[in-house]
Amino acid sequence: MQTRAWRPGDNNALEELLQQQCAEDLRWPPQYARQQNLLDWLSAPADLHRWICHKNNQVVGHIGLGTPGVNPLELYHAAIDQPEARFAELCRTVVHPHYRKAGVAAQLTRVAIKAALNDKCIPVATVLTSRRGWLQQMLTSGWVEVGRLPAIAADECLVCLLPPAKFIDAVSSK
C-alpha cells in the first residue's frame, strides 16, 4: 500500500469508497453527512492537507488535516497551557471495509501527524462517541481525552484528544 497527497482526480474513487462504507456501516459517515454530497462532507474540514492510500490502483483510505473548530481549540489550549500553540486536526479518516485491520488507518495517521509536525502544529483529533473502536485505538496508543463537546447528531458527543506528549514536545521545543 502506498500513501500520497490527494488530487482532484481521486474524487471518483473516493466517492466509490464512501458508498461502500455507507453500505457496510450504518453509523459512519453519520446520518447528517449522508443527506448531503459525501465528497463535500469528506473535504470540508480538511483545509490544510489531504491524503489517500491506494493498493493496486484502488483507493482504500483517506485522511485529512484541518484547522480545529473554536470550541475544541479552547479545550486544547487549556489542556496544555500554551497560548501560542498551533493545532492541526486529523479528520475524515475513512478506510475501505475490506482493508480494515490492514494498517491503512495507521499509515494515514502517521503521514498526517508528520505533516502537522512539519507545519509546527500539534496534531489533535476529535472522535464521535459512537466510533468506539477508533476511540479505543487512539486512547490505547497514548492519545488523551481533554473533553467532550456536543456533536451535530443529537445523541453524539465529540471526544477531543491530544496526542502522546512526545508530539507536543516535538512542536514546543522548536
# chains A, B, ... in the order shown; residues from 1 in each chain; ligands from 1

$ residues_around --residues "A:Cys121" --least-positions-apart "5" --cutoff "7 Å" --atoms "only C-alpha atoms" --output "NGL selection string"
:A and (86-88 or 116 or 171)

$ write_last_selection --atoms "C-alpha atoms" --output "PDB file, in the first residue's frame"
ATOM      1  CA  ARG A  86      -0.939  25.889  16.876  1.00  0.00           C
ATOM      2  CA  PHE A  87      -3.021  22.776  16.257  1.00  0.00           C
ATOM      3  CA  ALA A  88      -3.944  20.673  13.222  1.00  0.00           C
ATOM      4  CA  ALA A 116       1.284  18.561  11.292  1.00  0.00           C
ATOM      5  CA  VAL A 171       6.489  21.139  18.451  1.00  0.00           C
TER       6      VAL A 171
END

$ residues_around --residues "A:Lys114" --least-positions-apart "4" --cutoff "12 Å" --atoms "only C-alpha atoms" --output "ChimeraX atom specification"
/A:49,65,88,90,107-110,118-123,167,170-171

$ residues_around --residues "A:Glu24" --least-positions-apart "2" --cutoff "12 Å" --atoms "only C-alpha atoms" --output "NGL selection string"
:A and (17-22 or 26-29 or 95-98 or 100)

$ write_last_selection --atoms "C-alpha atoms" --output "PDB file, in the first residue's frame"
ATOM      1  CA  LEU A  17     -15.107   4.241  -1.233  1.00  0.00           C
ATOM      2  CA  LEU A  18     -17.696   6.321   0.628  1.00  0.00           C
ATOM      3  CA  GLN A  19     -20.599   4.445  -0.992  1.00  0.00           C
ATOM      4  CA  GLN A  20     -19.009   1.119   0.031  1.00  0.00           C
ATOM      5  CA  GLN A  21     -18.515   2.480   3.538  1.00  0.00           C
ATOM      6  CA  CYS A  22     -22.142   3.617   3.754  1.00  0.00           C
ATOM      7  CA  LEU A  26     -24.834   2.475   9.130  1.00  0.00           C
ATOM      8  CA  ARG A  27     -23.098   4.825  11.594  1.00  0.00           C
ATOM      9  CA  TRP A  28     -20.163   6.149   9.515  1.00  0.00           C
ATOM     10  CA  PRO A  29     -20.391   8.530   7.830  1.00  0.00           C
ATOM     11  CA  VAL A  95     -10.909   3.039   5.304  1.00  0.00           C
ATOM     12  CA  HIS A  96     -12.444   0.657   2.785  1.00  0.00           C
ATOM     13  CA  PRO A  97     -14.300  -2.077   4.716  1.00  0.00           C
ATOM     14  CA  HIS A  98     -12.255  -4.842   3.040  1.00  0.00           C
ATOM     15  CA  ARG A 100      -9.776  -2.784   7.866  1.00  0.00           C
TER      16      ARG A 100
END

$ closest_atom_pairs --of "stretch 86-113 of chain A" --to "stretch 31-43 of chain A" --cutoff "12 Å" --atoms "only C-alpha atoms" --output "tab-separated table"
residue	atom	partner	partner_atom	distance
A:Cys91	CA	A:Leu42	CA	8.7
A:Arg92	CA	A:Leu42	CA	5.9
A:Thr93	CA	A:Leu42	CA	8.8
A:Val94	CA	A:Leu42	CA	8.9

$ write_last_selection --atoms "N, CA and C atoms" --output "PDB file, in the first residue's frame"
ATOM      1  N   CYS A  91      -8.664  14.479  10.482  1.00  0.00           N
ATOM      2  CA  CYS A  91     -10.101  14.429  10.247  1.00  0.00           C
ATOM      3  C   CYS A  91     -10.460  13.548   9.054  1.00  0.00           C
ATOM      4  N   ARG A  92     -11.700  13.113   9.065  1.00  0.00           N
ATOM      5  CA  ARG A  92     -12.320  12.368   7.969  1.00  0.00           C
ATOM      6  C   ARG A  92     -11.486  11.157   7.530  1.00  0.00           C
ATOM      7  N   THR A  93     -11.119  10.361   8.524  1.00  0.00           N
ATOM      8  CA  THR A  93     -10.432   9.105   8.221  1.00  0.00           C
ATOM      9  C   THR A  93     -11.474   8.097   7.770  1.00  0.00           C
ATOM     10  N   VAL A  94     -11.287   7.578   6.580  1.00  0.00           N
ATOM     11  CA  VAL A  94     -12.188   6.562   6.036  1.00  0.00           C
ATOM     12  C   VAL A  94     -11.319   5.449   5.458  1.00  0.00           C
TER      13      VAL A  94
END

$ residues_around --residues "stretch 149-162 of chain A" --least-positions-apart "6" --cutoff "8 Å" --atoms "only C-alpha atoms" --output "PDB file with N, CA and C atoms, in the first residue's frame"
ATOM      1  N   PRO A  30     -21.779   9.667   9.488  1.00  0.00           N
ATOM      2  CA  PRO A  30     -23.001   9.881  10.258  1.00  0.00           C
ATOM      3  C   PRO A  30     -24.186  10.219   9.354  1.00  0.00           C
ATOM      4  N   GLN A  31     -25.363  10.050   9.889  1.00  0.00           N
ATOM      5  CA  GLN A  31     -26.589  10.240   9.104  1.00  0.00           C
ATOM      6  C   GLN A  31     -26.674  11.625   8.477  1.00  0.00           C
ATOM      7  N   TYR A  32     -26.297  12.680   9.211  1.00  0.00           N
ATOM      8  CA  TYR A  32     -26.401  14.027   8.645  1.00  0.00           C
ATOM      9  C   TYR A  32     -25.520  14.160   7.395  1.00  0.00           C
ATOM     10  N   ASN A  71     -14.398  25.708  19.593  1.00  0.00           N
ATOM     11  CA  ASN A  71     -14.629  25.033  20.874  1.00  0.00           C
ATOM     12  C   ASN A  71     -13.562  23.989  21.196  1.00  0.00           C
ATOM     13  N   PRO A  72     -13.193  23.113  20.252  1.00  0.00           N
ATOM     14  CA  PRO A  72     -12.088  22.206  20.572  1.00  0.00           C
ATOM     15  C   PRO A  72     -10.785  22.950  20.856  1.00  0.00           C
ATOM     16  N   LEU A  75     -10.410  23.862  24.420  1.00  0.00           N
ATOM     17  CA  LEU A  75     -10.050  22.704  25.250  1.00  0.00           C
ATOM     18  C   LEU A  75      -8.570  22.356  25.105  1.00  0.00           C
ATOM     19  N   TYR A  76      -8.071  22.378  23.873  1.00  0.00           N
ATOM     20  CA  TYR A  76      -6.661  22.020  23.642  1.00  0.00           C
ATOM     21  C   TYR A  76      -5.732  23.020  24.316  1.00  0.00           C
ATOM     22  N   PRO A 123      -0.612  17.866  16.450  1.00  0.00           N
ATOM     23  CA  PRO A 123      -1.737  17.111  15.883  1.00  0.00           C
ATOM     24  C   PRO A 123      -2.763  16.795  16.971  1.00  0.00           C
ATOM     25  N   VAL A 124      -4.024  16.965  16.643  1.00  0.00           N
ATOM     26  CA  VAL A 124      -5.115  16.673  17.569  1.00  0.00           C
ATOM     27  C   VAL A 124      -6.193  15.907  16.805  1.00  0.00           C
ATOM     28  N   ALA A 125      -7.173  15.403  17.534  1.00  0.00           N
ATOM     29  CA  ALA A 125      -8.252  14.663  16.876  1.00  0.00           C
ATOM     30  C   ALA A 125      -9.539  14.815  17.673  1.00  0.00           C
ATOM     31  N   THR A 126     -10.654  14.720  16.971  1.00  0.00           N
ATOM     32  CA  THR A 126     -11.959  14.567  17.611  1.00  0.00           C
ATOM     33  C   THR A 126     -12.565  13.286  17.062  1.00  0.00           C
ATOM     34  N   VAL A 127     -13.197  12.538  17.946  1.00  0.00           N
ATOM     35  CA  VAL A 127     -13.786  11.259  17.557  1.00  0.00           C
ATOM     36  C   VAL A 127     -15.205  11.215  18.112  1.00  0.00           C
ATOM     37  N   LEU A 128     -16.156  10.827  17.271  1.00  0.00           N
ATOM     38  CA  LEU A 128     -17.528  10.660  17.741  1.00  0.00           C
ATOM     39  C   LEU A 128     -17.598   9.516  18.751  1.00  0.00           C
ATOM     40  N   THR A 129     -18.429   9.677  19.778  1.00  0.00           N
ATOM     41  CA  THR A 129     -18.548   8.640  20.800  1.00  0.00           C
ATOM     42  C   THR A 129     -19.041   7.319  20.226  1.00  0.00           C
ATOM     43  N   SER A 130     -19.781   7.352  19.129  1.00  0.00           N
ATOM     44  CA  SER A 130     -20.265   6.090  18.526  1.00  0.00           C
ATOM     45  C   SER A 130     -19.148   5.306  17.838  1.00  0.00           C
ATOM     46  N   TRP A 143      -3.106   8.618  23.079  1.00  0.00           N
ATOM     47  CA  TRP A 143      -3.841   9.871  22.977  1.00  0.00           C
ATOM     48  C   TRP A 143      -4.632  10.064  24.271  1.00  0.00           C
TER      49      TRP A 143
END

$ select_by_dssp --residues "chain A" --states "alpha helix (DSSP H)" --output "count of residues only"
67

$ closest_residue --among "A:Ile168, A:Met1, A:Ala106, A:Leu117" --to "A:Asn56" --atoms "only C-alpha atoms"
A:Met1

$ atom_distance --atom1 "atom CA of A:Ser141" --atom2 "atom CA of A:Ala79"
18.6 Å

$ closest_residue --among "A:Val146, A:Ala46, A:Ile113, A:Leu135" --to "A:His62" --atoms "only C-alpha atoms"
A:Ala46

$ select_by_dssp --residues "stretch 4-163 of chain A" --states "strand (DSSP E or B)" --output "PyMOL selection string"
chain A and resi 4-5+49-55+58-66+87-95+122-128+144-150+157-162

$ write_last_selection --atoms "C-alpha atoms" --output "PDB file, in the first residue's frame"
ATOM      1  CA  ARG A   4       0.187  10.075  -1.425  1.00  0.00           C
ATOM      2  CA  ALA A   5      -1.330  13.530  -1.433  1.00  0.00           C
ATOM      3  CA  HIS A  49      -3.857  18.722   3.704  1.00  0.00           C
ATOM      4  CA  ARG A  50      -5.463  15.506   2.441  1.00  0.00           C
ATOM      5  CA  TRP A  51      -4.035  12.080   1.558  1.00  0.00           C
ATOM      6  CA  ILE A  52      -5.235   8.838   0.113  1.00  0.00           C
ATOM      7  CA  CYS A  53      -3.905   5.327   0.497  1.00  0.00           C
ATOM      8  CA  HIS A  54      -4.082   3.070  -2.529  1.00  0.00           C
ATOM      9  CA  LYS A  55      -3.353  -0.531  -3.388  1.00  0.00           C
ATOM     10  CA  GLN A  58      -7.718   1.198  -5.813  1.00  0.00           C
ATOM     11  CA  VAL A  59      -8.245   3.914  -3.211  1.00  0.00           C
ATOM     12  CA  VAL A  60      -8.539   2.125   0.133  1.00  0.00           C
ATOM     13  CA  GLY A  61      -8.302   5.026   2.569  1.00  0.00           C
ATOM     14  CA  HIS A  62      -8.416   8.779   3.138  1.00  0.00           C
ATOM     15  CA  ILE A  63      -7.391  11.206   5.877  1.00  0.00           C
ATOM     16  CA  GLY A  64      -7.448  14.973   6.131  1.00  0.00           C
ATOM     17  CA  LEU A  65      -5.706  17.564   8.252  1.00  0.00           C
ATOM     18  CA  GLY A  66      -7.638  20.681   9.137  1.00  0.00           C
ATOM     19  CA  PHE A  87      -3.021  22.776  16.257  1.00  0.00           C
ATOM     20  CA  ALA A  88      -3.944  20.673  13.222  1.00  0.00           C
ATOM     21  CA  GLU A  89      -6.822  18.214  13.472  1.00  0.00           C
ATOM     22  CA  LEU A  90      -6.722  14.766  11.923  1.00  0.00           C
ATOM     23  CA  CYS A  91     -10.101  14.429  10.247  1.00  0.00           C
ATOM     24  CA  ARG A  92     -12.320  12.368   7.969  1.00  0.00           C
ATOM     25  CA  THR A  93     -10.432   9.105   8.221  1.00  0.00           C
ATOM     26  CA  VAL A  94     -12.188   6.562   6.036  1.00  0.00           C
ATOM     27  CA  VAL A  95     -10.909   3.039   5.304  1.00  0.00           C
ATOM     28  CA  ILE A 122       0.373  19.887  17.444  1.00  0.00           C
ATOM     29  CA  PRO A 123      -1.737  17.111  15.883  1.00  0.00           C
ATOM     30  CA  VAL A 124      -5.115  16.673  17.569  1.00  0.00           C
ATOM     31  CA  ALA A 125      -8.252  14.663  16.876  1.00  0.00           C
ATOM     32  CA  THR A 126     -11.959  14.567  17.611  1.00  0.00           C
ATOM     33  CA  VAL A 127     -13.786  11.259  17.557  1.00  0.00           C
ATOM     34  CA  LEU A 128     -17.528  10.660  17.741  1.00  0.00           C
ATOM     35  CA  VAL A 144      -5.505  11.645  25.922  1.00  0.00           C
ATOM     36  CA  GLU A 145      -9.093  12.833  26.208  1.00  0.00           C
ATOM     37  CA  VAL A 146      -9.287  16.515  27.163  1.00  0.00           C
ATOM     38  CA  GLY A 147     -13.046  16.990  26.957  1.00  0.00           C
ATOM     39  CA  ARG A 148     -16.304  16.302  25.154  1.00  0.00           C
ATOM     40  CA  LEU A 149     -18.467  18.613  23.082  1.00  0.00           C
ATOM     41  CA  PRO A 150     -21.946  18.209  21.572  1.00  0.00           C
ATOM     42  CA  CYS A 157     -20.508  13.788  21.525  1.00  0.00           C
ATOM     43  CA  LEU A 158     -17.154  14.703  20.050  1.00  0.00           C
ATOM     44  CA  VAL A 159     -14.303  13.418  22.177  1.00  0.00           C
ATOM     45  CA  CYS A 160     -11.391  15.873  21.915  1.00  0.00           C
ATOM     46  CA  LEU A 161      -7.993  14.184  22.012  1.00  0.00           C
ATOM     47  CA  LEU A 162      -4.417  15.359  22.429  1.00  0.00           C
TER      48      LEU A 162
END

$ atom_distance --atom1 "atom CA of A:Val104" --atom2 "atom CA of A:Lys166"
22.6 Å

$ atom_distance --atom1 "atom CA of A:Gln2" --atom2 "atom CA of A:Glu15"
19.1 Å
